[in-house]
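Below is the file query-v6.cif, which contains mmCIF, C-alpha atoms.
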data_entry
#
loop_
_atom_site.label_atom_id
_atom_site.label_comp_id
_atom_site.auth_asym_id
_atom_site.auth_seq_id
_atom_site.Cartn_x
_atom_site.Cartn_y
_atom_site.Cartn_z
CA MET A 13 11.79 -5.01 -18.67
CA SER A 14 14.19 -4.07 -15.90
CA SER A 15 15.65 -1.41 -18.18
CA ALA A 16 12.12 -0.25 -19.04
CA LEU A 17 11.50 0.26 -15.33
CA THR A 18 14.76 2.06 -14.62
CA ASP A 19 14.31 4.23 -17.72
CA LEU A 20 11.28 5.74 -16.00
CA LEU A 21 13.33 7.22 -13.17
CA PRO A 22 16.86 8.64 -12.94
CA HIS A 23 17.05 7.47 -9.32
CA PRO A 24 15.80 3.98 -8.29
CA ILE A 25 13.44 5.59 -5.78
CA VAL A 26 9.67 5.12 -5.87
CA GLN A 27 7.32 7.09 -3.63
CA ALA A 28 4.76 4.59 -2.38
CA PRO A 29 1.09 5.31 -3.10
CA MET A 30 -0.50 6.01 0.28
CA ALA A 31 -4.30 6.10 0.23
CA GLY A 32 -6.41 8.29 2.46
CA GLY A 33 -5.23 11.65 1.16
CA VAL A 34 -1.47 11.28 1.71
CA SER A 35 -0.23 10.81 -1.87
CA VAL A 36 -1.47 14.10 -3.28
CA PRO A 37 -0.41 15.50 -6.69
CA LYS A 38 2.09 17.99 -5.24
CA LEU A 39 3.92 15.15 -3.45
CA ALA A 40 4.08 12.96 -6.56
CA ALA A 41 5.19 15.94 -8.66
CA ALA A 42 7.97 16.90 -6.25
CA VAL A 43 9.31 13.34 -6.23
CA ALA A 44 9.11 13.06 -10.02
CA GLU A 45 10.84 16.40 -10.59
CA ALA A 46 13.70 15.27 -8.33
CA GLY A 47 14.22 12.09 -10.36
CA GLY A 48 12.14 9.56 -8.45
CA LEU A 49 8.83 8.00 -9.43
CA GLY A 50 5.89 9.76 -7.80
CA PHE A 51 2.61 7.93 -7.25
CA LEU A 52 -1.03 8.85 -6.83
CA ALA A 53 -3.24 6.59 -4.72
CA ALA A 54 -6.63 5.90 -6.30
CA GLY A 55 -7.85 3.92 -3.28
CA TYR A 56 -10.96 5.32 -1.56
CA LYS A 57 -11.42 7.99 -4.26
CA THR A 58 -14.08 8.29 -6.96
CA ALA A 59 -13.14 7.75 -10.59
CA ASP A 60 -13.65 11.44 -11.28
CA GLY A 61 -11.49 12.31 -8.29
CA VAL A 62 -8.70 10.17 -9.72
CA TYR A 63 -9.08 11.82 -13.13
CA GLN A 64 -8.89 15.30 -11.60
CA GLU A 65 -5.76 14.39 -9.62
CA ILE A 66 -4.09 13.04 -12.77
CA LYS A 67 -4.90 16.30 -14.56
CA GLN A 68 -3.49 18.32 -11.66
CA LEU A 69 -0.33 16.22 -11.51
CA ARG A 70 0.23 16.61 -15.25
CA SER A 71 0.02 20.38 -14.82
CA LEU A 72 2.82 20.17 -12.23
CA THR A 73 5.29 17.86 -14.00
CA ALA A 74 6.03 16.29 -17.36
CA ARG A 75 7.99 13.50 -15.68
CA PRO A 76 6.68 9.90 -15.49
CA PHE A 77 4.41 9.01 -12.57
CA GLY A 78 2.17 6.18 -11.42
CA VAL A 79 -1.35 5.52 -10.18
CA ASN A 80 -2.20 2.71 -7.75
CA LEU A 81 -5.47 0.75 -7.78
CA PHE A 82 -6.99 -1.46 -5.08
CA MET A 83 -8.28 -4.75 -6.46
CA PRO A 84 -11.99 -5.33 -5.79
CA GLN A 85 -12.74 -7.73 -2.96
CA PRO A 86 -14.84 -10.77 -3.89
CA GLU A 87 -18.25 -11.28 -2.39
CA TYR A 88 -18.44 -13.98 0.26
CA PRO A 89 -18.03 -16.88 0.04
CA GLY A 90 -15.53 -17.71 -2.67
CA ALA A 91 -16.91 -15.53 -5.45
CA SER A 92 -14.61 -14.54 -8.30
CA THR A 93 -13.85 -10.95 -9.34
CA GLY A 94 -11.99 -11.80 -12.53
CA SER A 95 -8.62 -11.49 -10.83
CA THR A 96 -6.20 -14.37 -10.65
CA GLY A 97 -6.01 -14.27 -6.87
CA ALA A 98 -8.00 -16.50 -4.54
CA ALA A 99 -11.14 -15.30 -2.82
CA ASN A 100 -11.02 -14.15 0.77
CA ALA A 101 -12.42 -16.34 3.49
CA ALA A 102 -15.77 -15.19 4.88
CA PRO A 103 -15.65 -13.80 8.44
CA PRO A 104 -17.62 -15.70 11.08
CA SER A 105 -21.33 -15.00 11.00
CA GLY A 106 -22.14 -11.84 12.93
CA ALA A 107 -18.49 -10.90 13.51
CA VAL A 108 -18.83 -7.45 11.97
CA GLU A 109 -21.98 -6.76 14.00
CA VAL A 110 -20.20 -7.80 17.20
CA TYR A 111 -17.31 -5.48 16.37
CA ALA A 112 -19.74 -2.65 15.68
CA HIS A 113 -21.26 -3.16 19.12
CA GLN A 114 -17.78 -2.98 20.65
CA LEU A 115 -17.13 0.32 18.83
CA ALA A 116 -20.34 1.93 20.10
CA GLY A 117 -18.41 3.62 22.90
CA GLU A 118 -16.00 5.15 20.37
CA ALA A 119 -18.90 6.53 18.38
CA ALA A 120 -20.36 8.11 21.51
CA TRP A 121 -16.97 9.55 22.51
CA TYR A 122 -16.38 11.16 19.11
CA GLU A 123 -20.05 12.13 18.76
CA THR A 124 -20.48 10.44 15.42
CA GLU A 125 -22.25 7.45 13.88
CA LEU A 126 -20.52 4.29 12.79
CA GLY A 127 -20.26 3.80 9.05
CA ASP A 128 -22.27 1.36 6.97
CA PRO A 129 -20.15 -1.80 6.60
CA ASP A 130 -22.04 -2.70 3.41
CA SER A 131 -20.87 0.37 1.47
CA GLY A 132 -19.30 -1.59 -1.38
CA ARG A 133 -16.46 -4.01 -2.04
CA ASP A 134 -15.00 -2.91 -5.39
CA ASP A 135 -13.71 0.63 -4.63
CA GLY A 136 -15.02 1.73 -8.03
CA TYR A 137 -12.38 -0.43 -9.71
CA ASP A 138 -13.94 -0.72 -13.17
CA ALA A 139 -14.61 3.00 -13.46
CA LYS A 140 -11.06 3.87 -12.35
CA LEU A 141 -9.59 1.34 -14.76
CA ALA A 142 -11.62 2.94 -17.56
CA VAL A 143 -10.13 6.33 -16.66
CA LEU A 144 -6.61 4.88 -16.90
CA LEU A 145 -7.32 3.26 -20.26
CA ASP A 146 -8.93 6.41 -21.68
CA ASN A 147 -6.17 8.63 -20.27
CA PRO A 148 -3.07 6.39 -20.11
CA VAL A 149 -0.44 7.13 -17.49
CA PRO A 150 3.16 5.85 -17.51
CA VAL A 151 2.78 3.37 -14.62
CA VAL A 152 -0.11 1.59 -12.88
CA SER A 153 0.28 -0.64 -9.81
CA PHE A 154 -2.20 -2.95 -8.09
CA HIS A 155 -2.69 -3.86 -4.42
CA PHE A 156 -4.74 -6.62 -2.72
CA GLY A 157 -4.63 -9.06 -5.61
CA VAL A 158 -3.73 -9.64 -9.24
CA PRO A 159 -5.74 -8.26 -12.18
CA GLY A 160 -6.62 -10.62 -14.98
CA PRO A 161 -4.18 -11.02 -17.90
CA GLU A 162 -6.56 -9.14 -20.18
CA VAL A 163 -6.42 -6.07 -17.94
CA LEU A 164 -2.64 -6.06 -17.87
CA GLU A 165 -2.49 -6.57 -21.63
CA SER A 166 -4.92 -3.70 -22.26
CA LEU A 167 -2.75 -1.40 -20.14
CA ARG A 168 0.36 -2.58 -21.98
CA ARG A 169 -1.28 -1.75 -25.32
CA ALA A 170 -2.01 1.72 -23.92
CA GLY A 171 1.69 2.15 -23.20
CA THR A 172 1.44 1.68 -19.43
CA PHE A 173 4.04 -0.18 -17.37
CA THR A 174 2.34 -2.42 -14.77
CA LEU A 175 3.37 -3.53 -11.28
CA VAL A 176 1.57 -5.76 -8.79
CA THR A 177 2.32 -6.16 -5.08
CA ALA A 178 3.26 -9.57 -3.69
CA THR A 179 4.08 -10.60 -0.12
CA THR A 180 5.10 -14.23 -0.81
CA VAL A 181 6.82 -16.24 -3.53
CA GLU A 182 3.47 -17.81 -4.45
CA GLU A 183 1.93 -14.38 -4.94
CA ALA A 184 4.91 -13.25 -7.03
CA LEU A 185 4.47 -16.30 -9.26
CA ALA A 186 0.80 -15.36 -9.72
CA VAL A 187 1.90 -11.86 -10.72
CA GLN A 188 4.26 -13.33 -13.32
CA ARG A 189 1.61 -15.70 -14.71
CA ALA A 190 -0.83 -12.81 -15.14
CA GLY A 191 1.69 -10.93 -17.27
CA ALA A 192 2.66 -7.91 -15.16
CA ASP A 193 5.81 -6.04 -16.12
CA ALA A 194 7.28 -6.05 -12.60
CA VAL A 195 6.51 -7.14 -9.05
CA ILE A 196 6.51 -5.02 -5.91
CA VAL A 197 7.97 -7.27 -3.23
CA GLN A 198 6.53 -6.07 0.08
CA GLY A 199 8.19 -7.17 3.29
CA VAL A 200 6.41 -7.41 6.60
CA GLU A 201 8.24 -4.26 7.78
CA ALA A 202 6.09 -2.06 5.50
CA GLY A 203 3.72 0.53 6.88
CA GLY A 204 0.05 0.57 5.92
CA HIS A 205 -1.79 -2.38 4.42
CA GLN A 206 -0.06 -5.59 3.52
CA GLY A 207 -0.86 -6.29 -0.12
CA THR A 208 -1.73 -9.94 0.41
CA HIS A 209 -3.77 -11.54 -2.38
CA ARG A 210 -5.76 -13.71 -0.02
CA ASP A 211 -6.76 -12.39 3.39
CA THR A 212 -7.22 -15.04 6.04
CA PRO A 213 -6.63 -14.97 9.81
CA GLU A 214 -4.18 -17.83 9.38
CA ASN A 215 -1.79 -15.43 7.64
CA ASP A 216 -1.69 -12.93 10.52
CA GLY A 217 1.82 -12.41 11.84
CA SER A 218 3.41 -14.75 9.29
CA GLY A 219 4.89 -12.12 6.99
CA ILE A 220 8.40 -12.41 5.57
CA GLY A 221 11.18 -9.84 6.06
CA LEU A 222 12.09 -7.85 2.96
CA LEU A 223 15.63 -9.09 2.32
CA SER A 224 14.64 -12.73 2.74
CA LEU A 225 11.63 -12.22 0.48
CA ILE A 226 13.68 -10.52 -2.26
CA ALA A 227 16.09 -13.47 -2.32
CA GLN A 228 13.26 -16.00 -2.50
CA VAL A 229 11.38 -14.14 -5.23
CA ARG A 230 14.52 -13.52 -7.27
CA GLU A 231 15.22 -17.25 -7.40
CA SER A 232 11.65 -18.10 -8.41
CA VAL A 233 10.38 -15.27 -10.61
CA ASN A 234 11.82 -13.72 -13.76
CA LEU A 235 10.47 -10.19 -13.24
CA PRO A 236 12.09 -6.92 -12.16
CA ILE A 237 11.63 -6.34 -8.44
CA VAL A 238 10.64 -3.14 -6.67
CA ALA A 239 11.46 -3.62 -2.97
CA ALA A 240 9.17 -2.19 -0.28
CA GLY A 241 9.18 -2.41 3.50
CA GLY A 242 10.74 -0.23 6.20
CA LEU A 243 13.18 1.59 3.87
CA MET A 244 14.17 5.03 5.17
CA ARG A 245 17.82 5.62 4.18
CA GLY A 246 19.89 5.46 1.03
CA SER A 247 22.07 2.75 2.55
CA GLN A 248 18.98 0.55 2.84
CA ILE A 249 18.16 1.22 -0.80
CA ALA A 250 21.71 0.10 -1.65
CA ALA A 251 21.11 -3.09 0.32
CA VAL A 252 17.93 -4.06 -1.55
CA LEU A 253 19.53 -3.22 -4.90
CA ALA A 254 22.48 -5.43 -3.98
CA ALA A 255 19.99 -8.16 -3.05
CA GLY A 256 18.49 -8.10 -6.53
CA ALA A 257 15.87 -5.34 -6.64
CA SER A 258 15.78 -2.84 -9.51
CA ALA A 259 14.29 -0.05 -7.40
CA ALA A 260 13.08 0.70 -3.87
CA GLN A 261 9.62 1.91 -2.84
CA LEU A 262 9.41 4.15 0.24
CA GLY A 263 6.20 5.24 1.95
CA THR A 264 6.77 6.29 5.55
CA ALA A 265 9.87 8.27 4.53
CA PHE A 266 7.71 10.48 2.30
CA LEU A 267 4.78 10.64 4.72
CA ALA A 268 6.63 13.21 6.86
CA THR A 269 7.54 15.53 3.97
CA ALA A 270 6.10 19.01 3.57
CA GLU A 271 4.16 18.03 0.43
CA SER A 272 2.56 14.96 1.97
CA GLY A 273 -1.18 15.21 2.54
CA ALA A 274 -0.93 13.36 5.87
CA HIS A 275 -2.52 15.00 8.91
CA ALA A 276 -0.04 17.07 10.93
CA VAL A 277 -0.72 14.86 13.97
CA HIS A 278 0.21 11.79 11.93
CA LYS A 279 3.46 13.36 10.75
CA GLN A 280 4.42 14.39 14.28
CA ALA A 281 3.60 10.94 15.67
CA LEU A 282 6.27 9.27 13.52
CA THR A 283 9.03 10.60 15.76
CA ASN A 284 6.99 11.29 18.90
CA PRO A 285 8.53 9.29 21.79
CA LEU A 286 4.99 8.38 22.91
CA PHE A 287 4.79 5.98 19.94
CA VAL A 288 7.66 3.56 20.33
CA ARG A 289 6.63 0.69 18.08
CA THR A 290 4.38 -0.50 15.29
CA GLU A 291 2.08 -3.50 14.94
CA LEU A 292 0.10 -5.23 12.25
CA THR A 293 -3.57 -4.75 13.09
CA ARG A 294 -7.05 -5.25 11.69
CA ALA A 295 -8.53 -2.68 14.08
CA PHE A 296 -9.18 0.05 11.51
CA SER A 297 -9.90 -1.79 8.26
CA GLY A 298 -10.31 -5.52 8.82
CA ARG A 299 -7.11 -6.22 6.85
CA PRO A 300 -3.59 -6.48 8.31
CA ALA A 301 -1.96 -3.05 8.24
CA ARG A 302 1.08 -1.76 10.11
CA GLY A 303 0.62 1.32 12.24
CA LEU A 304 1.90 3.05 15.35
CA VAL A 305 0.51 1.43 18.47
CA ASN A 306 -2.04 3.82 20.00
CA ARG A 307 -5.07 3.43 22.27
CA PHE A 308 -7.48 2.40 19.50
CA LEU A 309 -5.13 -0.26 18.18
CA ARG A 310 -4.44 -1.68 21.66
CA GLU A 311 -8.10 -1.77 22.72
CA HIS A 312 -9.70 -3.02 19.51
CA GLY A 313 -6.98 -4.79 17.54
CA PRO A 314 -7.35 -8.13 19.33
CA TYR A 315 -11.08 -8.25 18.53
CA ALA A 316 -11.26 -6.91 14.98
CA PRO A 317 -12.50 -9.53 12.50
CA ALA A 318 -10.88 -10.38 9.17
CA ALA A 319 -13.48 -8.42 7.23
CA TYR A 320 -12.25 -5.94 4.63
CA PRO A 321 -13.62 -3.55 3.52
CA GLU A 322 -16.54 -3.87 5.98
CA VAL A 323 -14.45 -2.79 8.97
CA HIS A 324 -12.89 0.00 6.92
CA HIS A 325 -16.35 1.41 6.19
CA LEU A 326 -17.44 0.87 9.78
CA THR A 327 -14.58 2.83 11.34
CA SER A 328 -14.27 5.55 8.70
CA PRO A 329 -16.36 8.14 10.61
CA LEU A 330 -14.43 7.39 13.81
CA ARG A 331 -11.08 7.97 12.11
CA LYS A 332 -12.29 11.20 10.52
CA ALA A 333 -13.65 12.45 13.83
CA ALA A 334 -10.41 11.64 15.63
CA ALA A 335 -8.40 13.46 12.96
CA LYS A 336 -10.70 16.48 13.15
CA ALA A 337 -10.18 16.55 16.93
CA GLY A 338 -6.40 16.12 16.50
CA ASP A 339 -6.57 12.97 18.62
CA ALA A 340 -3.66 10.70 17.68
CA GLN A 341 -5.01 7.96 19.96
CA GLY A 342 -8.01 7.38 17.69
CA MET A 343 -6.37 7.75 14.28
CA ALA A 344 -4.96 5.12 11.96
CA LEU A 345 -1.29 6.12 12.20
CA TRP A 346 0.08 3.95 9.41
CA ALA A 347 3.87 3.65 9.60
CA GLY A 348 6.64 1.20 8.76
CA GLN A 349 9.12 -0.23 11.22
CA GLY A 350 11.66 2.49 10.36
CA HIS A 351 9.34 5.36 11.31
CA ARG A 352 11.72 6.86 13.89
CA LEU A 353 14.09 7.65 10.99
CA ALA A 354 11.56 10.00 9.35
CA ARG A 355 12.97 13.34 8.23
CA GLU A 356 10.94 16.54 7.86
CA LEU A 357 12.29 17.60 4.48
CA PRO A 358 10.71 18.81 1.25
CA ALA A 359 10.00 15.74 -0.88
CA GLY A 360 12.37 16.75 -3.67
CA ARG A 361 15.16 17.36 -1.20
CA LEU A 362 14.51 13.97 0.40
CA VAL A 363 14.97 12.28 -2.99
CA GLU A 364 18.26 14.14 -3.40
CA VAL A 365 19.46 13.12 0.07
CA LEU A 366 18.46 9.48 -0.49
CA ALA A 367 20.23 9.45 -3.85
CA ALA A 368 23.39 10.89 -2.28
CA GLU A 369 23.26 8.32 0.54
CA LEU A 370 22.76 5.57 -2.03
CA ALA A 371 25.77 6.72 -4.04
CA GLU A 372 27.90 6.90 -0.88
CA ALA A 373 26.85 3.39 0.17
CA ARG A 374 27.60 1.98 -3.27
CA THR A 375 31.03 3.59 -3.27
CA ALA A 376 31.77 2.17 0.15
CA LEU A 377 30.72 -1.31 -1.00
CA SER A 378 32.85 -1.11 -4.14
CA GLU A 379 35.91 -0.06 -2.12
CA PHE A 380 35.51 -2.82 0.49
CA PRO A 381 38.21 -5.46 -0.11
CA ALA A 382 36.73 -8.61 -1.61
CA GLY A 383 36.58 -11.52 0.79
CA ARG A 384 37.45 -9.46 3.84
CA ALA A 385 35.11 -9.83 6.76
CA GLY A 386 34.42 -7.08 9.27
CA GLY A 387 35.47 -7.27 12.91
CA ASP A 388 38.51 -9.00 14.34
CA GLY A 389 37.38 -12.53 13.47
CA ARG A 390 36.87 -13.65 17.03
#
The structure given in the file should be rewritten as structure tokens.
Amino acid sequence: MSSALTDLLPHPIVQAPMAGGVSVPKLAAAVAEAGGLGFLAAGYKTADGVYQEIKQLRSLTARPFGVNLFMPQPEYPGASTGSTGAANAAPPSGAVEVYAHQLAGEAAWYETELGDPDSGRDDGYDAKLAVLLDNPVPVVSFHFGVPGPEVLESLRRAGTFTLVTATTVEEALAVQRAGADAVIVQGVEAGGHQGTHRDTPENDGSGIGLLSLIAQVRESVNLPIVAAGGLMRGSQIAAVLAAGASAAQLGTAFLATAESGAHAVHKQALTNPLFVRTELTRAFSGRPARGLVNRFLREHGPYAPAAYPEVHHLTSPLRKAAAKAGDAQGMALWAGQGHRLARELPAGRLVEVLAAELAEARTALSEFPAGRAGGDGR
């Protein structure tokens, strides 16, 4: 299966699927044409919207590509969605309403209404899955849980290679039991949403660094690993490959490219000295997600409940209004810990640069005398 994964891409470089309009067809096509694996993000889109993007991408490249799905979130409390992951814990009674009251000032400032928190929990999952079974694509990945074995088997019969995100060894074992072809091992350094299978406040801030997580998963799970989390340079890709991964997934690195659909303010913020660090926050969606620390995150992050996708729906009009106004202080500026290393390059050129850096790092490692430590030994 590892060879099946690497056969899909000349370079072990995967462009992460970034929902919210970032991972557009022209970005995925540019990455694919350069020898990486481009991805479309189906999250927050309609099934027809996903179908149209697949059609557009196929008109731009004949190379393999992927589509990412968000797993539906179970109804509270403890309901099952058919996935193998555990249900999310219900937020405290009235927590979403309290948060909405706190955000009233934001709504007044941006002259918009808050969204309806009860706008749905499944992200149109079944309809999108039907599109991918009727019109098979080379790769499908899943975030926020594990699909049932029957779903993964149906995709396999359609000729689709499947990946599922995991943030712990236990989650990676669940991915293996369900029958996925590979696991995306996501370290806590990653930008955007952590792909945890079970979302509880007890998990906040307890994420594992990527290199440690790769080592733990490799010793416990017999699946190819795609490493994700804070990767911005070819030398880092070399490091995760040396640690046991078959490929590396990069999101923030591609967010700044010319083909990315990210808002110009978001792209500029990655290297803007005003934004010096990132944090995991529930402020914008109700799920832990890493973004640049701005006013909205500082003021509302400590009070946001563990309630996804209710908080996502609630804040959606605020985020859109802030983006329309070009106000970086009110936007969800998703970014990994390596954001200051972002390079404003065309996506295809970035793949080429990363591949060259990877080759250079591998050569340097192969030429380093075995058993010789760096430094003077003191």
What does the PyMOL selection byres ((chain A and resi 124-126) around 9) select in this file, as an mmCIF file with C-alpha atoms, in the coordinates of the input?
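Written output follows (expr-v9.cif):
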data_model
loop_
_atom_site.group_PDB
_atom_site.id
_atom_site.type_symbol
_atom_site.label_atom_id
_atom_site.label_comp_id
_atom_site.auth_asym_id
_atom_site.auth_seq_id
_atom_site.Cartn_x
_atom_site.Cartn_y
_atom_site.Cartn_z
ATOM 1 C CA ALA A 112 -19.740 -2.650 15.680
ATOM 2 C CA LEU A 115 -17.130 0.320 18.830
ATOM 3 C CA ALA A 116 -20.340 1.930 20.100
ATOM 4 C CA GLU A 118 -16.000 5.150 20.370
ATOM 5 C CA ALA A 119 -18.900 6.530 18.380
ATOM 6 C CA ALA A 120 -20.360 8.110 21.510
ATOM 7 C CA TRP A 121 -16.970 9.550 22.510
ATOM 8 C CA TYR A 122 -16.380 11.160 19.110
ATOM 9 C CA GLU A 123 -20.050 12.130 18.760
ATOM 10 C CA GLY A 127 -20.260 3.800 9.050
ATOM 11 C CA ASP A 128 -22.270 1.360 6.970
ATOM 12 C CA PRO A 129 -20.150 -1.800 6.600
ATOM 13 C CA HIS A 325 -16.350 1.410 6.190
ATOM 14 C CA LEU A 326 -17.440 0.870 9.780
ATOM 15 C CA THR A 327 -14.580 2.830 11.340
ATOM 16 C CA SER A 328 -14.270 5.550 8.700
ATOM 17 C CA PRO A 329 -16.360 8.140 10.610
ATOM 18 C CA LEU A 330 -14.430 7.390 13.810
ATOM 19 C CA ALA A 333 -13.650 12.450 13.830
#
Selection near range 311-317 of chain A, 8 Å with all atoms listed in the file, sequence-local residues under 5 positions removed, as a ChimeraX atom specification = /A:103,107-108,111,293-295,298,323
Polymer residues at most 7 Å from range 148-163 of chain A, only C-alpha atoms, same-chain spacing of 2 or more positions, as an NGL selection string | :A and (76-83 or 94-97 or 144-146 or 165-167 or 170-177 or 187 or 190-191 or 207-209)
Check which residues satisfy the PyMOL selection byres ((chain A and resi 245) around 9) in the file shown, then give them as a VMD selection string.
-> chain A and resid 243 to 244 246 to 250 265 353 365 to 366 369 to 370
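Checking A:Ala373, A:Ala344, A:Ala46, A:Ala319 one by one against Leu304 in chain A, counting all atoms listed in the file, you find the shortest gap at A:Ala344.
Closest to Gly203 in chain A among A:Arg75, A:His324, A:Arg302, A:Lys279 is A:Arg302, based on all atoms listed in the file.
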Name every residue that the PyMOL selection byres ((chain A and resi 252) around 10) selects in this structure, writing the answer as JSON, numbers by chain with chains first and numbers rising.
-> {"A": [222, 223, 226, 227, 237, 238, 239, 240, 243, 247, 248, 249, 250, 251, 253, 254, 255, 256, 257, 258, 259, 260]}
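Checking A:Met30, A:Leu357, A:Ala41, A:Val233 one by one against Ala274 in chain A, counting all atoms listed in the file, you find the shortest gap at A:Met30.
Closest approach to Glu65 in chain A among A:Asp339, A:Glu45, A:Val36, A:Leu377: A:Val36, based on all atoms listed in the file.
The residue that comes closest to Gln228 in chain A, out of A:Arg374, A:Glu182, A:Pro24, A:Phe308 and on the basis of all atoms listed in the file, is A:Glu182.
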Counting only C-alpha atoms, figure out which residue out of A:Arg189, A:Lys67, A:Lys57, A:His113 gets nearest to Asp134 in chain A.
-> A:Lys57
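Picture a line from CA of Phe296 in chain A to CA of Tyr56 in chain A; it runs 14.2 Å.
A straight line drawn from CA of Pro285 in chain A to CA of Ala368 in chain A is 28.3 Å long.
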All residues 12 Å or closer to Gly33 in chain A, all atoms listed in the file, same chain fewer than 5 positions away omitted, as a PyMOL selection string | chain A and resi 38-39+52-57+61-62+65+267+271-275+332
Dump as a PyMOL selection string all residues having an atom at most 9 Å from (15.9, 14.6, -3.7), computed in the file's coordinates with all atoms listed in the file.
-> chain A and resi 42-43+45-48+358-368
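CA of Phe287 in chain A sits 18.6 Å away from CA of Ala337 in chain A.
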